[in-house]
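Engineer: Attaching a single structure in structure tokens format; questions to follow.
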Amino acid sequence: MASRSRKPAVRRPGARSGARRTLLLVATRKGAWLYHGDGARKTWRADGPHFLGHVISQVVLDPRDGRTLLAAAKTGHLGPTIFRSTDLGRTWKEAARPPAFAKAADGKEGRAVDHTFWLTPGRAADRDVWYAGTSPQGLFRSGDGGVSWEPFSIINDDPQFREWMGTVQDGTPDGPKLHSIIVDPRDSRHFYIAMSGGGVHESSDGGRTWKTLIKGLDVVEGFGFDASKPTFHDPHCVRICPSNPDRLYQQNHCGIYRLDRPSDTWVRIGRNMPKPVGDIGFPLVVHPRDADTAWVFPMDGATVWPRTSPEGKPAVYATRNGGKSWQRLDAGLPAKQGWWTVKRQAMCADDADPVGLYFGTTSGELWMSRDEGRRWTCIARHLPEIYAVEAAGL
Amino acid sequence: MKVLIPSALRSYTERGEAEAAGATLAAVLLDLEHQYPGIHFRMIDEQDRIRRHIRIFVNGEQARDLTQALRATDEVIIVQALSGG
């Protein structure tokens with residue numbers, strides 16, 4: 001059930017103090033911006049645009065060295081690439097070999113990467129390892145810090161996966177995507193990936209074999225779709241809890257879910273959202289230290305799926321008990337006429353205490369909360385359409 | 001031979017004109033890659049197809065086949081489509 005009860009933010013052991021600076025990495029349809037926050041996260045210095053005019057799907061800081069950035073880029077006219085900076089964006093150099101599918105055999109129709117969509121750094125122990133998800137769906141790995149990329153695992157060319165992926169026509173409007181690449185922090189051979197469309201999949205042997213993880217997930221009703229087939233599943237965003245890697249949350253095209261391993265059946269915790277709001281959306285954010293806490297940004301999934309804040313009243317919803325109940329967090333956000341869309345990579349948390357939350361809208365506004373969603377303030381307006389927001393502590 | 005470079009690719013060449021050699025269009029584009037690493041993949045995908053918004057003209061005629069033979073006196077023009085918004 002929805003609840004307005006408010007559990008106080010408690011400073012927890014292991015949380016970073018506010019003395020570290022927060023860096024926001026904002027990727028947009030027309031370039032990238034870096035926002036440097038002060039220790040209190042109250043003032044922000046804009047650094048940008050970087051790559052003005054380029055479509056930037058995501059910019060990610062390497063948490064292992066705190067200075068290397070990777071940016072997934074393309075333009076409306078040119079092929080995709082990845083830019084790399086080893087000095088926090090002061091200078092950039094293009095990857096020597098960006099993600100690209102294997103050349104098809106003569107007479108076969110091969111696929112071409114349209115854009116790299118998702119970037120995931122490897123575990124702390126696996127220095128210089130990165131993973132990338134692309135559109136159309138492809139999985140790639142770099143072992144040299146993002147300089148060169150190779151197809152990774154069997155996924156890209158496996159006939160069964162290709163059938164589940166469908167064609168470009170079956171995908172989201174700006175292309176079907178492989179996203180939510182999750183490396184188990186305890187085991188570098190244990191992965192999760194998600195595909196829109198194509199479902200959620202898990203590998204326990206370094207990508208050699210995969211198992212589907214779609215039990216319990218609903219599919220669009222009314223068309224007779226078979227929920228046992230990955231092709232009908234559209235996970236929007238899957239997150240693992242850093243404080244309990246056996247717990248995952250998922251914002252799906254058809255609801256919000258939680259999965260507690262070793263179970264392989266997702267539980268639709270979005271059923272506990274208020275009915276007029278529903279449980280449709282793109283992003284989902286997990287708390288860095290509390291696996292019972294997660295945040296979502298609900299959007300309208302009725303009729304023709306406007307994918308805007310329900311009734312034009314933007315709000316973040318939080319659960320503090322693993323999805324048993326949700327509370328509305330909208331203080332400071334427009335009370336009406338706010339028809340916002342927040343994409344799946346455009347909402348994130350920092351690791352401070354209390355946790356800072358951030359989201360960017362497709363209308364180019366960047367918002368934050370310094371107190372885990374209780375109060376929201378706008379950092380920036382008039383940016384291009386925001387695709388991704390990442391927060392990093394420096 | 002002379003190759004005219006569109007504005008979107010001048011971050012590689014730093015000018016609007018380049019010199020490249022090769023007996024075929026594919027070879028000329030690979031020579032450009034040799035001189036300006038990264039430029040090839042922005043124009044040609046991993047299946048050796050000219051990308052959707054790229055057009056290449058040889059002596060004013062649109063080239064669709066990368067195996068097309070070229071002479072040293074030919075002029076290659078690379079054009080980016082101006083679609084988008």
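To be explicit about the labels: the chains of the structure tokens are called A, B, and onward in the order shown, and within each one the residues are counted from 1, while ligands get numbers from 1 in the order they are shown.
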Write out as a PyMOL selection string the set of residues from segment 140-305 of chain A that DSSP, computed on the backbone, places in strand (DSSP E).

Structural biologist: chain A and resi 140-142+150-151+177-183+191-196+199-203+211-212+235-241+244-252+255-260+281-286+294-298

Engineer: Please check the contacts: residues of chain A at most 8 Å away from chain B, using only C-alpha atoms, listed as a list in words.

Structural biologist: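 Those within range of chain B come out as Gly76, His77, Leu78, Gly79, Pro80, Thr81, Glu94, Ala95, Ala96, Arg97, Ala100, Phe101, Ala102, Lys103, Ala104, Gly110, Arg111, Ala112 and Val113 of chain A.
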
Engineer: How would the residues just picked look written out with C-alpha atoms as an mmCIF file, in the first residue's frame?

Structural biologist:
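Saved to selection.cif:
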data_model
loop_
_atom_site.group_PDB
_atom_site.id
_atom_site.type_symbol
_atom_site.label_atom_id
_atom_site.label_comp_id
_atom_site.auth_asym_id
_atom_site.auth_seq_id
_atom_site.Cartn_x
_atom_site.Cartn_y
_atom_site.Cartn_z
ATOM 1 C CA GLY A 76 23.020 11.708 -36.506
ATOM 2 C CA HIS A 77 25.268 11.069 -39.501
ATOM 3 C CA LEU A 78 28.258 9.065 -38.372
ATOM 4 C CA GLY A 79 28.770 5.634 -36.925
ATOM 5 C CA PRO A 80 29.086 4.953 -33.212
ATOM 6 C CA THR A 81 32.190 5.253 -31.122
ATOM 7 C CA GLU A 94 38.570 7.991 -29.314
ATOM 8 C CA ALA A 95 38.585 4.228 -28.707
ATOM 9 C CA ALA A 96 40.912 2.453 -31.133
ATOM 10 C CA ARG A 97 38.322 -0.253 -31.746
ATOM 11 C CA ALA A 100 31.320 -3.780 -33.503
ATOM 12 C CA PHE A 101 29.656 -7.044 -34.375
ATOM 13 C CA ALA A 102 31.605 -9.818 -36.065
ATOM 14 C CA LYS A 103 31.677 -9.689 -39.844
ATOM 15 C CA ALA A 104 28.992 -11.963 -41.237
ATOM 16 C CA GLY A 110 25.248 -9.135 -40.612
ATOM 17 C CA ARG A 111 24.295 -6.686 -37.915
ATOM 18 C CA ALA A 112 25.899 -3.312 -37.312
ATOM 19 C CA VAL A 113 26.064 -1.465 -34.014
#

Engineer: I'd like the interatomic distance between atom CA of Val28 of chain B and atom CA of Pro6 of chain B, to a tenth of an Å.

Structural biologist: 15.9 Å

Engineer: When distances are computed from only C-alpha atoms, which of B:Ile56, B:Asp31, B:Tyr36, B:Ala21 shows the smallest separation from Leu70 of chain B?

Structural biologist: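 For Leu70 of chain B, the nearest of the candidates is B:Ala21.
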
Engineer: Skipping near chain neighbours, those fewer than 6 positions away, what residues fall within 8 Å of Tyr257 of chain A using only C-alpha atoms, listed as a VMD selection string?

Structural biologist: chain A and resid 217 249 to 251 266 to 270

Engineer: Take the selection from the previous step and output its residues with C-alpha atoms, as a short mmCIF file (atom, residue, chain, number, x, y, z; two decimals), in the first residue's frame.

Structural biologist:
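Saved result, out02.cif, follows:
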data_model
loop_
_atom_site.label_atom_id
_atom_site.label_comp_id
_atom_site.auth_asym_id
_atom_site.auth_seq_id
_atom_site.Cartn_x
_atom_site.Cartn_y
_atom_site.Cartn_z
CA LEU A 217 7.32 -11.14 -14.97
CA TYR A 249 15.04 -4.80 -8.42
CA GLN A 250 13.55 -4.25 -11.84
CA GLN A 251 11.45 -1.59 -13.52
CA TRP A 266 10.31 -12.09 -9.65
CA VAL A 267 7.72 -10.61 -7.29
CA ARG A 268 5.63 -7.70 -8.61
CA ILE A 269 6.10 -5.20 -5.79
CA GLY A 270 4.60 -2.50 -8.01
#

Engineer: Quick one: everything within 7 Å of segment 199-209 of chain A, counting only C-alpha atoms, minus sequence neighbours fewer than 2 positions away in the same chain. Send it as an mmCIF file with C-alpha atoms, in the first residue's frame.

Structural biologist:
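Here's the written file out36.cif:
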data_model
loop_
_atom_site.group_PDB
_atom_site.id
_atom_site.type_symbol
_atom_site.label_atom_id
_atom_site.label_comp_id
_atom_site.auth_asym_id
_atom_site.auth_seq_id
_atom_site.Cartn_x
_atom_site.Cartn_y
_atom_site.Cartn_z
ATOM 1 C CA SER A 153 29.974 -14.253 -24.728
ATOM 2 C CA ILE A 154 27.769 -16.209 -27.085
ATOM 3 C CA ARG A 189 31.968 -14.861 -13.788
ATOM 4 C CA HIS A 190 28.447 -14.109 -12.611
ATOM 5 C CA PHE A 191 26.502 -11.686 -14.819
ATOM 6 C CA TYR A 192 23.023 -10.410 -15.388
ATOM 7 C CA ILE A 193 21.954 -8.639 -18.572
ATOM 8 C CA ALA A 194 18.617 -7.335 -19.803
ATOM 9 C CA MET A 195 17.310 -6.693 -23.284
ATOM 10 C CA SER A 196 14.483 -4.472 -24.543
ATOM 11 C CA GLY A 197 13.123 -6.671 -25.838
ATOM 12 C CA LYS A 211 19.809 -18.913 -18.199
ATOM 13 C CA THR A 212 16.662 -16.839 -18.651
ATOM 14 C CA LEU A 213 15.316 -15.047 -15.589
ATOM 15 C CA ILE A 214 11.773 -14.102 -16.524
ATOM 16 C CA PRO A 230 11.850 -13.995 -23.535
ATOM 17 C CA THR A 231 10.974 -12.207 -26.758
ATOM 18 C CA HIS A 233 9.612 -9.366 -22.165
ATOM 19 C CA ASP A 234 10.749 -5.779 -21.948
ATOM 20 C CA PRO A 235 12.803 -5.094 -18.833
#

Engineer: Which one of A:Arg20, A:Arg123, A:Arg64, A:Arg375 sits closest to Ala352 of chain A if you count only C-alpha atoms?

Structural biologist: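 For Ala352 of chain A, the nearest of the candidates is A:Arg20.
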
Engineer: Can you tell me, as a PyMOL selection string, what residues are no more than 9 Å from Ala26 of chain B when counting only C-alpha atoms, ignoring any on the same chain fewer than 2 positions away?

Structural biologist: chain B and resi 22-24+28-31+48+65-69

Engineer: Write the residues of the selection above to a file with N, CA and C atoms, as a PDB file, in the first residue's frame.

Structural biologist:
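again_30.pdb, written as the output of this step:
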ATOM      1  N   GLY B  22      44.800   4.364 -53.516  1.00  0.00           N
ATOM      2  CA  GLY B  22      44.226   3.026 -53.510  1.00  0.00           C
ATOM      3  C   GLY B  22      43.630   2.705 -54.864  1.00  0.00           C
ATOM      4  N   ALA B  23      43.600   1.416 -55.186  1.00  0.00           N
ATOM      5  CA  ALA B  23      43.087   0.999 -56.490  1.00  0.00           C
ATOM      6  C   ALA B  23      41.568   0.867 -56.495  1.00  0.00           C
ATOM      7  N   THR B  24      40.982   0.806 -55.318  1.00  0.00           N
ATOM      8  CA  THR B  24      39.517   0.731 -55.209  1.00  0.00           C
ATOM      9  C   THR B  24      39.045   1.747 -54.178  1.00  0.00           C
ATOM     10  N   VAL B  28      40.990   3.190 -50.782  1.00  0.00           N
ATOM     11  CA  VAL B  28      41.163   4.620 -50.485  1.00  0.00           C
ATOM     12  C   VAL B  28      40.653   4.935 -49.080  1.00  0.00           C
ATOM     13  N   LEU B  29      39.501   4.357 -48.740  1.00  0.00           N
ATOM     14  CA  LEU B  29      38.947   4.626 -47.406  1.00  0.00           C
ATOM     15  C   LEU B  29      39.835   4.015 -46.313  1.00  0.00           C
ATOM     16  N   LEU B  30      40.426   2.877 -46.600  1.00  0.00           N
ATOM     17  CA  LEU B  30      41.351   2.268 -45.628  1.00  0.00           C
ATOM     18  C   LEU B  30      42.630   3.085 -45.494  1.00  0.00           C
ATOM     19  N   ASP B  31      43.040   3.715 -46.601  1.00  0.00           N
ATOM     20  CA  ASP B  31      44.199   4.592 -46.527  1.00  0.00           C
ATOM     21  C   ASP B  31      43.879   5.812 -45.656  1.00  0.00           C
ATOM     22  N   ASP B  48      30.894  -3.808 -43.758  1.00  0.00           N
ATOM     23  CA  ASP B  48      31.417  -3.137 -44.961  1.00  0.00           C
ATOM     24  C   ASP B  48      30.320  -2.457 -45.780  1.00  0.00           C
ATOM     25  N   ASP B  65      29.280   0.882 -54.396  1.00  0.00           N
ATOM     26  CA  ASP B  65      30.028  -0.365 -54.273  1.00  0.00           C
ATOM     27  C   ASP B  65      31.475  -0.036 -53.902  1.00  0.00           C
ATOM     28  N   LEU B  66      31.896  -0.527 -52.746  1.00  0.00           N
ATOM     29  CA  LEU B  66      33.244  -0.197 -52.286  1.00  0.00           C
ATOM     30  C   LEU B  66      34.323  -0.862 -53.134  1.00  0.00           C
ATOM     31  N   THR B  67      33.943  -1.849 -53.944  1.00  0.00           N
ATOM     32  CA  THR B  67      34.952  -2.495 -54.793  1.00  0.00           C
ATOM     33  C   THR B  67      35.195  -1.701 -56.079  1.00  0.00           C
ATOM     34  N   GLN B  68      34.492  -0.601 -56.244  1.00  0.00           N
ATOM     35  CA  GLN B  68      34.655   0.209 -57.459  1.00  0.00           C
ATOM     36  C   GLN B  68      36.119   0.609 -57.661  1.00  0.00           C
ATOM     37  N   ALA B  69      36.616   0.368 -58.873  1.00  0.00           N
ATOM     38  CA  ALA B  69      38.013   0.706 -59.192  1.00  0.00           C
ATOM     39  C   ALA B  69      38.168   2.218 -59.334  1.00  0.00           C
TER      40      ALA B  69
END

Engineer: When distances are computed from only C-alpha atoms, which of B:Glu19, B:Leu25, B:Asn59, B:Ser7 shows the smallest separation from Asp74 of chain B?

Structural biologist: B:Asn59

Engineer: Would you please extract all alpha helix (DSSP H) residues from chain B, as assigned by DSSP on the backbone, and give them as a ChimeraX atom specification?

Structural biologist: /B:10-13,25-35,39-43
